[in-house]
$ cat upload38.txt   # compact mmCIF, C-alpha atoms
# COMPACT_ATOMS: atom_id res chain seq x y z
CA MET C 17 -31.06 51.27 36.74
CA SER C 18 -31.96 49.58 33.48
CA ASP C 19 -32.13 45.79 33.23
CA LYS C 20 -29.70 44.14 30.87
CA SER C 21 -30.17 40.68 29.45
CA PHE C 22 -27.26 38.45 28.73
CA GLY C 23 -27.01 35.18 26.85
CA ASN C 24 -29.16 33.89 24.05
CA ASP C 25 -32.20 36.08 23.36
CA TYR C 26 -33.49 33.82 20.59
CA ASP C 27 -37.28 33.34 20.66
CA HIS C 28 -38.00 29.61 20.44
CA ASN C 29 -41.58 30.34 19.47
CA THR C 30 -40.24 31.22 16.02
CA THR C 31 -38.91 27.68 15.62
CA ILE C 32 -42.18 26.19 16.83
CA LEU C 33 -44.18 28.33 14.43
CA PHE C 34 -41.83 27.40 11.58
CA PHE C 35 -42.34 23.65 12.07
CA LYS C 36 -46.10 24.12 12.57
CA LYS C 37 -46.24 25.87 9.23
CA TRP C 38 -44.07 23.50 7.23
CA TRP C 39 -44.46 20.15 8.98
CA LYS C 40 -46.45 18.61 6.13
CA LEU C 41 -43.84 19.58 3.54
CA LEU C 42 -41.03 18.35 5.75
CA MET C 43 -42.88 15.07 6.32
CA TRP C 44 -43.25 14.53 2.57
CA VAL C 45 -39.58 15.36 2.03
CA PHE C 46 -38.67 12.88 4.75
CA ILE C 47 -40.80 10.10 3.23
CA ILE C 48 -39.56 10.71 -0.33
CA ALA C 49 -35.91 10.97 0.77
CA LEU C 50 -36.24 7.81 2.85
CA ALA C 51 -37.68 5.85 -0.08
CA ALA C 52 -35.10 7.24 -2.51
CA SER C 53 -32.21 6.42 -0.13
CA ILE C 54 -33.46 2.86 0.31
CA VAL C 55 -33.72 2.37 -3.46
CA VAL C 56 -30.24 3.83 -4.05
CA SER C 57 -28.69 1.67 -1.32
CA LEU C 58 -30.28 -1.44 -2.85
CA LEU C 59 -28.95 -0.54 -6.31
CA ILE C 60 -25.33 -0.34 -5.09
CA THR C 61 -23.48 -3.59 -5.83
CA PRO C 62 -22.20 -5.06 -2.57
CA ARG C 63 -18.47 -5.63 -2.20
CA TYR C 64 -16.68 -8.13 0.00
CA LYS C 65 -13.43 -7.64 1.88
CA SER C 66 -10.66 -10.20 2.41
CA THR C 67 -7.47 -9.57 4.37
CA ALA C 68 -4.11 -11.35 4.45
CA THR C 69 -1.64 -10.61 7.29
CA LEU C 70 2.13 -11.11 7.13
CA PHE C 71 5.28 -10.21 9.01
CA PRO C 72 8.34 -9.14 6.99
CA THR C 73 11.55 -10.94 7.89
CA ASN C 74 14.79 -9.29 8.86
CA SER C 75 16.47 -7.81 5.78
CA ASN C 76 19.86 -9.34 6.60
CA ARG C 77 21.65 -11.03 3.73
CA LEU C 78 21.09 -14.76 3.63
CA SER C 79 24.66 -15.40 2.39
CA LYS C 80 26.22 -13.70 5.41
CA ALA C 81 23.96 -15.54 7.83
CA ILE C 82 24.92 -18.90 6.29
CA MET C 83 28.58 -18.44 5.28
CA ASP C 84 29.96 -15.90 7.75
CA TYR C 85 30.38 -17.38 11.22
CA HIS C 86 31.14 -13.95 12.70
CA TYR C 87 27.86 -12.50 11.50
CA SER C 88 25.72 -12.01 14.62
CA LEU C 89 22.32 -11.14 13.10
CA ASP C 90 19.86 -13.90 12.23
CA PHE C 91 17.97 -13.71 8.93
CA MET C 92 15.17 -15.70 10.57
CA ASP C 93 14.34 -12.81 12.94
CA TYR C 94 11.17 -10.79 12.53
CA GLY C 95 11.74 -7.52 10.74
CA ILE C 96 12.17 -4.23 12.54
CA GLU C 97 10.25 -1.03 11.75
CA ARG C 98 12.50 -0.33 8.76
CA ASP C 99 11.71 -3.73 7.24
CA CYS C 100 7.99 -3.13 7.80
CA GLU C 101 8.20 0.16 5.89
CA TYR C 102 10.13 -1.55 3.07
CA CYS C 103 7.43 -4.21 2.92
CA ILE C 104 4.61 -1.66 2.68
CA GLN C 105 6.46 0.22 -0.05
CA ILE C 106 6.95 -2.93 -2.15
CA LEU C 107 3.37 -4.14 -1.64
CA SER C 108 2.09 -0.71 -2.72
CA SER C 109 4.48 -0.34 -5.66
CA GLU C 110 3.65 -0.01 -9.35
CA SER C 111 5.57 -3.23 -9.95
CA MET C 112 3.23 -5.13 -7.64
CA GLU C 113 0.20 -3.46 -9.23
CA ARG C 114 1.32 -4.52 -12.73
CA ASP C 115 1.79 -8.13 -11.59
CA VAL C 116 -1.66 -8.25 -9.97
CA CYS C 117 -3.42 -6.59 -12.92
CA LYS C 118 -1.79 -9.01 -15.35
CA ARG C 119 -2.44 -12.10 -13.24
CA PHE C 120 -6.16 -11.32 -12.71
CA ASN C 121 -6.83 -9.48 -15.98
CA LEU C 122 -8.32 -6.60 -14.01
CA ILE C 123 -9.11 -4.50 -17.09
CA GLU C 124 -11.73 -7.06 -18.06
CA HIS C 125 -12.77 -7.80 -14.48
CA TYR C 126 -13.41 -4.12 -13.70
CA GLY C 127 -15.31 -3.67 -16.96
CA ILE C 128 -12.87 -1.14 -18.46
CA ASN C 129 -12.98 -0.70 -22.22
CA PRO C 130 -9.61 -1.98 -23.58
CA ASN C 131 -9.82 0.62 -26.38
CA ASP C 132 -10.26 3.51 -23.94
CA PRO C 133 -7.25 5.87 -24.24
CA HIS C 134 -7.44 6.42 -20.47
CA LYS C 135 -7.78 2.74 -19.56
CA MET C 136 -4.54 2.61 -17.52
CA PHE C 137 -5.56 5.63 -15.45
CA LYS C 138 -9.00 4.11 -14.77
CA LEU C 139 -7.41 0.76 -13.93
CA HIS C 140 -5.01 2.45 -11.51
CA GLU C 141 -7.84 4.32 -9.80
CA GLN C 142 -9.95 1.16 -9.48
CA TYR C 143 -7.01 -0.82 -8.13
CA ARG C 144 -6.07 1.83 -5.56
CA GLY C 145 -9.68 2.07 -4.47
CA ASN C 146 -9.99 -1.68 -3.91
CA VAL C 147 -6.54 -2.62 -2.57
CA ASN C 148 -5.25 -1.27 0.73
CA VAL C 149 -1.94 -2.01 2.48
CA ARG C 150 -1.43 -0.88 6.06
CA ARG C 151 0.85 -1.50 9.00
CA THR C 152 -0.56 -3.19 12.09
CA GLU C 153 0.13 -2.21 15.67
CA PHE C 154 2.86 -4.84 16.11
CA LEU C 155 4.87 -4.29 12.89
CA GLY C 156 2.81 -6.67 10.80
CA VAL C 157 1.37 -5.76 7.40
CA GLU C 158 -2.26 -6.23 6.31
CA VAL C 159 -3.26 -6.54 2.67
CA SER C 160 -7.00 -5.89 2.22
CA VAL C 161 -8.92 -6.30 -1.05
CA LEU C 162 -12.49 -5.27 -1.87
CA ASP C 163 -14.35 -6.96 -4.71
CA VAL C 164 -17.84 -7.92 -5.80
CA ASP C 165 -16.74 -11.57 -5.74
CA PRO C 166 -15.63 -12.74 -2.26
CA GLN C 167 -13.46 -15.55 -3.68
CA TRP C 168 -11.82 -13.12 -6.10
CA ALA C 169 -11.02 -10.74 -3.22
CA ALA C 170 -9.44 -13.55 -1.21
CA ASP C 171 -7.40 -14.80 -4.19
CA MET C 172 -6.11 -11.30 -4.92
CA ALA C 173 -5.08 -10.67 -1.31
CA ASN C 174 -3.24 -14.02 -1.11
CA PHE C 175 -1.54 -13.42 -4.46
CA ILE C 176 -0.29 -9.98 -3.38
CA ALA C 177 1.12 -11.45 -0.17
CA ALA C 178 2.76 -14.34 -2.06
CA ASN C 179 4.07 -12.09 -4.83
CA TYR C 180 5.93 -10.04 -2.24
CA ASP C 181 8.65 -12.72 -2.33
CA THR C 182 8.76 -12.59 -6.13
CA VAL C 183 9.21 -8.82 -6.25
CA CYS C 184 11.85 -8.89 -3.50
CA HIS C 185 13.75 -11.65 -5.29
CA ARG C 186 13.55 -9.70 -8.56
CA ILE C 187 15.07 -6.63 -6.89
CA HIS C 188 17.80 -8.55 -5.07
CA HIS C 189 18.65 -10.67 -8.11
CA ALA C 190 19.19 -7.61 -10.30
CA ARG C 191 21.38 -6.01 -7.63
CA ALA C 192 23.37 -9.19 -7.04
CA CYS C 193 23.91 -9.72 -10.77
CA ASN C 194 25.48 -6.27 -11.07
CA ALA C 195 27.74 -6.95 -8.10
CA ALA C 196 28.69 -10.40 -9.44
CA ASP C 197 29.70 -8.94 -12.81
CA ILE C 198 31.89 -6.34 -11.13
CA MET C 199 33.52 -8.90 -8.83
CA GLN C 200 34.15 -11.30 -11.69
CA GLY C 201 36.04 -8.59 -13.54
CA VAL C 202 38.07 -7.63 -10.46
CA CYS C 203 38.91 -11.28 -9.74
CA ALA C 204 40.12 -11.80 -13.32
CA GLN C 205 42.27 -8.69 -13.06
CA MET C 206 43.82 -9.81 -9.75
CA GLU C 207 44.51 -13.30 -11.12
CA GLN C 208 46.34 -11.70 -14.03
CA GLU C 209 48.36 -9.54 -11.63
CA ILE C 210 49.36 -12.65 -9.64
CA ARG C 211 50.45 -14.43 -12.83
CA ASP C 212 52.51 -11.39 -13.81
CA LEU C 213 54.20 -11.37 -10.40
CA GLN C 214 54.96 -15.09 -10.69
CA ASP C 215 56.57 -14.46 -14.09
CA SER C 216 58.60 -11.63 -12.56
CA LEU C 217 59.70 -13.95 -9.78
CA ARG C 218 61.09 -16.41 -12.33
CA ARG C 219 62.86 -13.65 -14.28
CA THR C 220 64.27 -11.81 -11.26
CA PRO C 221 64.95 -14.35 -8.49
CA GLN C 222 67.10 -11.78 -6.66
CA TYR C 223 63.87 -10.01 -5.60
CA GLN C 224 62.31 -13.25 -4.39
CA LEU C 225 61.46 -12.06 -0.87
CA GLY C 226 59.61 -8.88 -1.89
CA ILE C 227 57.79 -10.47 -4.82
CA THR C 228 56.80 -13.51 -2.76
CA GLN C 229 55.34 -11.26 -0.04
CA LEU C 230 53.46 -9.27 -2.68
CA ILE C 231 52.11 -12.46 -4.24
CA SER C 232 50.96 -13.65 -0.80
CA GLU C 233 49.10 -10.37 -0.17
CA LYS C 234 47.47 -10.52 -3.60
CA CYS C 235 46.40 -14.13 -3.06
CA HIS C 236 44.88 -13.19 0.30
CA GLU C 237 42.96 -10.30 -1.29
CA LEU C 238 41.82 -12.61 -4.10
CA ALA C 239 40.59 -15.22 -1.59
CA ASP C 240 38.58 -12.59 0.27
CA LEU C 241 37.11 -11.29 -2.96
CA GLN C 242 36.23 -14.81 -4.13
CA THR C 243 34.47 -15.41 -0.78
CA ARG C 244 32.44 -12.24 -1.27
CA ALA C 245 31.71 -13.30 -4.86
CA ALA C 246 30.44 -16.66 -3.57
CA GLN C 247 28.21 -14.84 -1.07
CA THR C 248 26.89 -12.65 -3.87
CA LYS C 249 26.13 -15.75 -5.95
CA VAL C 250 24.13 -17.14 -3.05
CA ASP C 251 22.18 -13.86 -2.87
CA MET C 252 21.66 -14.02 -6.65
CA ASP C 253 20.38 -17.60 -6.70
CA GLU C 254 18.52 -17.69 -3.39
CA ASN C 255 14.84 -18.52 -3.45
CA VAL C 256 13.77 -18.00 0.14
CA SER C 257 10.77 -16.25 1.61
CA TYR C 258 11.07 -12.66 2.79
CA LYS C 259 8.02 -12.91 5.03
CA PHE C 260 6.27 -14.94 7.70
CA MET C 261 2.67 -15.54 6.66
CA LEU C 262 0.38 -15.12 9.65
CA ASP C 263 -3.16 -15.23 8.20
CA GLU C 264 -4.17 -16.10 4.66
CA ALA C 265 -7.20 -14.35 3.20
CA VAL C 266 -10.45 -16.31 3.08
CA PRO C 267 -13.67 -15.49 1.20
CA ALA C 268 -15.92 -13.22 3.27
CA ASP C 269 -19.45 -14.39 4.03
CA LYS C 270 -20.72 -10.86 4.77
CA LYS C 271 -20.49 -7.76 2.62
CA ALA C 272 -18.23 -4.93 3.75
CA TYR C 273 -19.80 -2.27 1.54
CA PRO C 274 -22.22 -0.55 1.29
CA LYS C 275 -23.45 0.15 4.81
CA ARG C 276 -27.10 0.59 3.82
CA ILE C 277 -28.26 1.92 7.21
CA ILE C 278 -25.68 4.72 7.06
CA ILE C 279 -26.59 5.57 3.46
CA VAL C 280 -30.32 5.72 4.26
CA ALA C 281 -29.78 7.76 7.44
CA LEU C 282 -27.44 10.28 5.85
CA GLY C 283 -29.51 10.58 2.68
CA THR C 284 -32.75 11.18 4.54
CA LEU C 285 -31.24 13.56 7.09
CA GLY C 286 -29.41 15.48 4.38
CA ALA C 287 -32.59 15.98 2.34
CA VAL C 288 -34.56 17.23 5.36
CA VAL C 289 -31.79 19.62 6.44
CA MET C 290 -31.47 20.93 2.88
CA CYS C 291 -35.22 21.52 2.73
CA ILE C 292 -35.15 23.45 6.03
CA LEU C 293 -32.27 25.63 4.80
CA VAL C 294 -34.10 26.41 1.57
CA LEU C 295 -37.27 27.35 3.47
CA LEU C 296 -35.30 29.61 5.80
CA LEU C 297 -33.56 31.32 2.89
CA VAL C 298 -36.84 31.83 1.05
CA GLY C 299 -38.49 33.20 4.22
CA SER C 300 -35.57 35.53 4.90
CA SER C 301 -35.62 36.82 1.33
CA LYS C 302 -39.37 37.42 1.52
CA LYS C 303 -39.01 39.41 4.74
CA GLU C 304 -36.34 41.61 3.17
CA LYS C 305 -38.59 42.37 0.18
CA ASP C 306 -41.53 43.21 2.44
CA PHE C 307 -39.31 45.53 4.49
CA VAL C 308 -38.12 47.32 1.34
CA HIS C 309 -41.70 47.80 0.11
CA GLN C 310 -42.84 49.17 3.47
CA ASN C 311 -40.08 51.78 3.44

$ encode --input "upload38.txt" --output "structure tokens"
Amino acid sequence: MSDKSFGNDYDHNTTILFFKKWWKLLMWVFIIALAASIVVSLLITPRYKSTATLFPTNSNRLSKAIMDYHYSLDFMDYGIERDCEYCIQILSSESMERDVCKRFNLIEHYGINPNDPHKMFKLHEQYRGNVNVRRTEFLGVEVSVLDVDPQWAADMANFIAANYDTVCHRIHHARACNAADIMQGVCAQMEQEIRDLQDSLRRTPQYQLGITQLISEKCHELADLQTRAAQTKVDMDENVSYKFMLDEAVPADKKAYPKRIIIVALGTLGAVVMCILVLLLVGSSKKEKDFVHQN
């Protein structure tokens, strides 16, 4: 009965012989890669990270909470998951980005040539690389900013959090203005209808009961509409906060990037591994050529 071997039949002596043959070259590659990685890591400009944390409020209408006694929801409540998603969307929006870029003149700050035809694309890429908005575990929202200046990073993060109210108010104001214009027109039309009915009542007193009832219904509808118009005006003119500020950003006293140890370790290890792969490929190619010549 013949013996059969199972498992890995690889001869480890081959590996030992390989490193005995090339250890000097690998050592030089290691030393050179280590020095180069250290130099590169020192040349990278450090960046500092500042984070502001906020909780979005409930998205209930302020006018209903104040003017409608039958309205059960409180606009002072913390926002639910939907409000958190709305908040992230607004904080990450192009509108917010334009406000931040204008306020901090980021084209100049990021060293982008104002005459570059692709300046807006480069600005967008820089902004998205330095500004991050994420949801926390408990439905809060974190705004993190990376910058070479720790004070600048903190100021940007705080401005983004504060500007959330401005963008929300801008959106709600535009919506409320449209609704107010429509309601104003409807109210004017209903007032004219009531005046026409009153004129008809004077001309045809024999229909007093029916016209009076119709006038009463119209007046009731007009009162309801005027109440809704007043609520819309409150929504249009309100200047309240749409968030609860938990933590304001402060200048960082320690850099967040780069992680020099990781850069040096990965750079050195990568160079050594690449050198080993090249040596193995060269050795394999040489063996194939020798085999062809022998045959």

$ atom_distance --input "upload38.txt" --atom1 "CA of Ala173 in chain C" --atom2 "CA of Ile106 in chain C"
14.3 Å

$ atom_distance --input "upload38.txt" --atom1 "CA of Asn146 in chain C" --atom2 "CA of Ser160 in chain C"
8.0 Å

$ closest_residue --input "upload38.txt" --among "C:Ile54, C:Ala272, C:Cys117, C:Leu293" --to "Asp163 in chain C" --atoms "all atoms listed in the file"
C:Ala272

$ residues_around --input "upload38.txt" --residues "Ile96 in chain C" --least-positions-apart "6" --cutoff "9 Å" --atoms "only C-alpha atoms" --output "short mmCIF file (atom, residue, chain, number, x, y, z; two decimals) with C-alpha atoms, keeping the file's coordinate frame"
data_model
loop_
_atom_site.label_atom_id
_atom_site.label_comp_id
_atom_site.auth_asym_id
_atom_site.auth_seq_id
_atom_site.Cartn_x
_atom_site.Cartn_y
_atom_site.Cartn_z
CA PRO C 72 8.34 -9.14 6.99
CA THR C 73 11.55 -10.94 7.89
CA ASN C 74 14.79 -9.29 8.86
CA SER C 75 16.47 -7.81 5.78
CA LEU C 155 4.87 -4.29 12.89
#

$ atom_distance --input "upload38.txt" --atom1 "CA of Asn179 in chain C" --atom2 "CA of Met112 in chain C"
7.6 Å

$ residues_around --input "upload38.txt" --residues "Lys275 in chain C" --least-positions-apart "5" --cutoff "12 Å" --atoms "all atoms listed in the file" --output "list in words"
Ser53, Ile54, Val56, Ser57, Leu58, Ile60, Thr61, Pro62, Arg63, Tyr64, Lys270, Val280, Ala281 and Leu282 of chain C

$ residues_around --input "upload38.txt" --residues "Ile227 in chain C" --least-positions-apart "2" --cutoff "9 Å" --atoms "only C-alpha atoms" --output "PyMOL selection string"
chain C and resi 213-214+216-217+221+223-225+229-232

$ closest_residue --input "upload38.txt" --among "C:Glu141, C:Ser108, C:Asp171, C:Thr220" --to "Phe120 in chain C" --atoms "only C-alpha atoms"
C:Asp171

$ residues_near_point --input "upload38.txt" --point "(42.4, -10.8, -2.9)" --cutoff "12 Å" --atoms "only C-alpha atoms" --output "number ranges by chain"
C: 199, 202-210, 230-245

$ residues_around --input "upload38.txt" --residues "Thr152 in chain C" --least-positions-apart "6" --cutoff "10 Å" --atoms "only C-alpha atoms" --output "JSON, numbers by chain"
{"C": [69, 70, 71, 100, 158]}

$ residues_near_point --input "upload38.txt" --point "(-11.9, -9.4, 2.6)" --cutoff "6 Å" --atoms "only C-alpha atoms" --output "VMD selection string"
chain C and resid 64 to 67 161 268

$ axis_aligned_box --input "upload38.txt" --around "range 94-109 of chain C" --padding-each-side "6 Å" --output "lines of an AutoDock Vina configuration file"
center_x = 7.3
center_y = -5.3
center_z = 3.4
size_x = 22.4
size_y = 23.0
size_z = 30.2

$ closest_residue --input "upload38.txt" --among "C:Phe46, C:Tyr143, C:Phe34, C:Tyr102" --to "Met172 in chain C" --atoms "only C-alpha atoms"
C:Tyr143

$ closest_residue --input "upload38.txt" --among "C:Leu41, C:Lys36, C:Arg98, C:Leu59" --to "Ile279 in chain C" --atoms "only C-alpha atoms"
C:Leu59

$ closest_residue --input "upload38.txt" --among "C:Gly286, C:Gly156, C:Pro267, C:Pro133" --to "Ala169 in chain C" --atoms "all atoms listed in the file"
C:Pro267
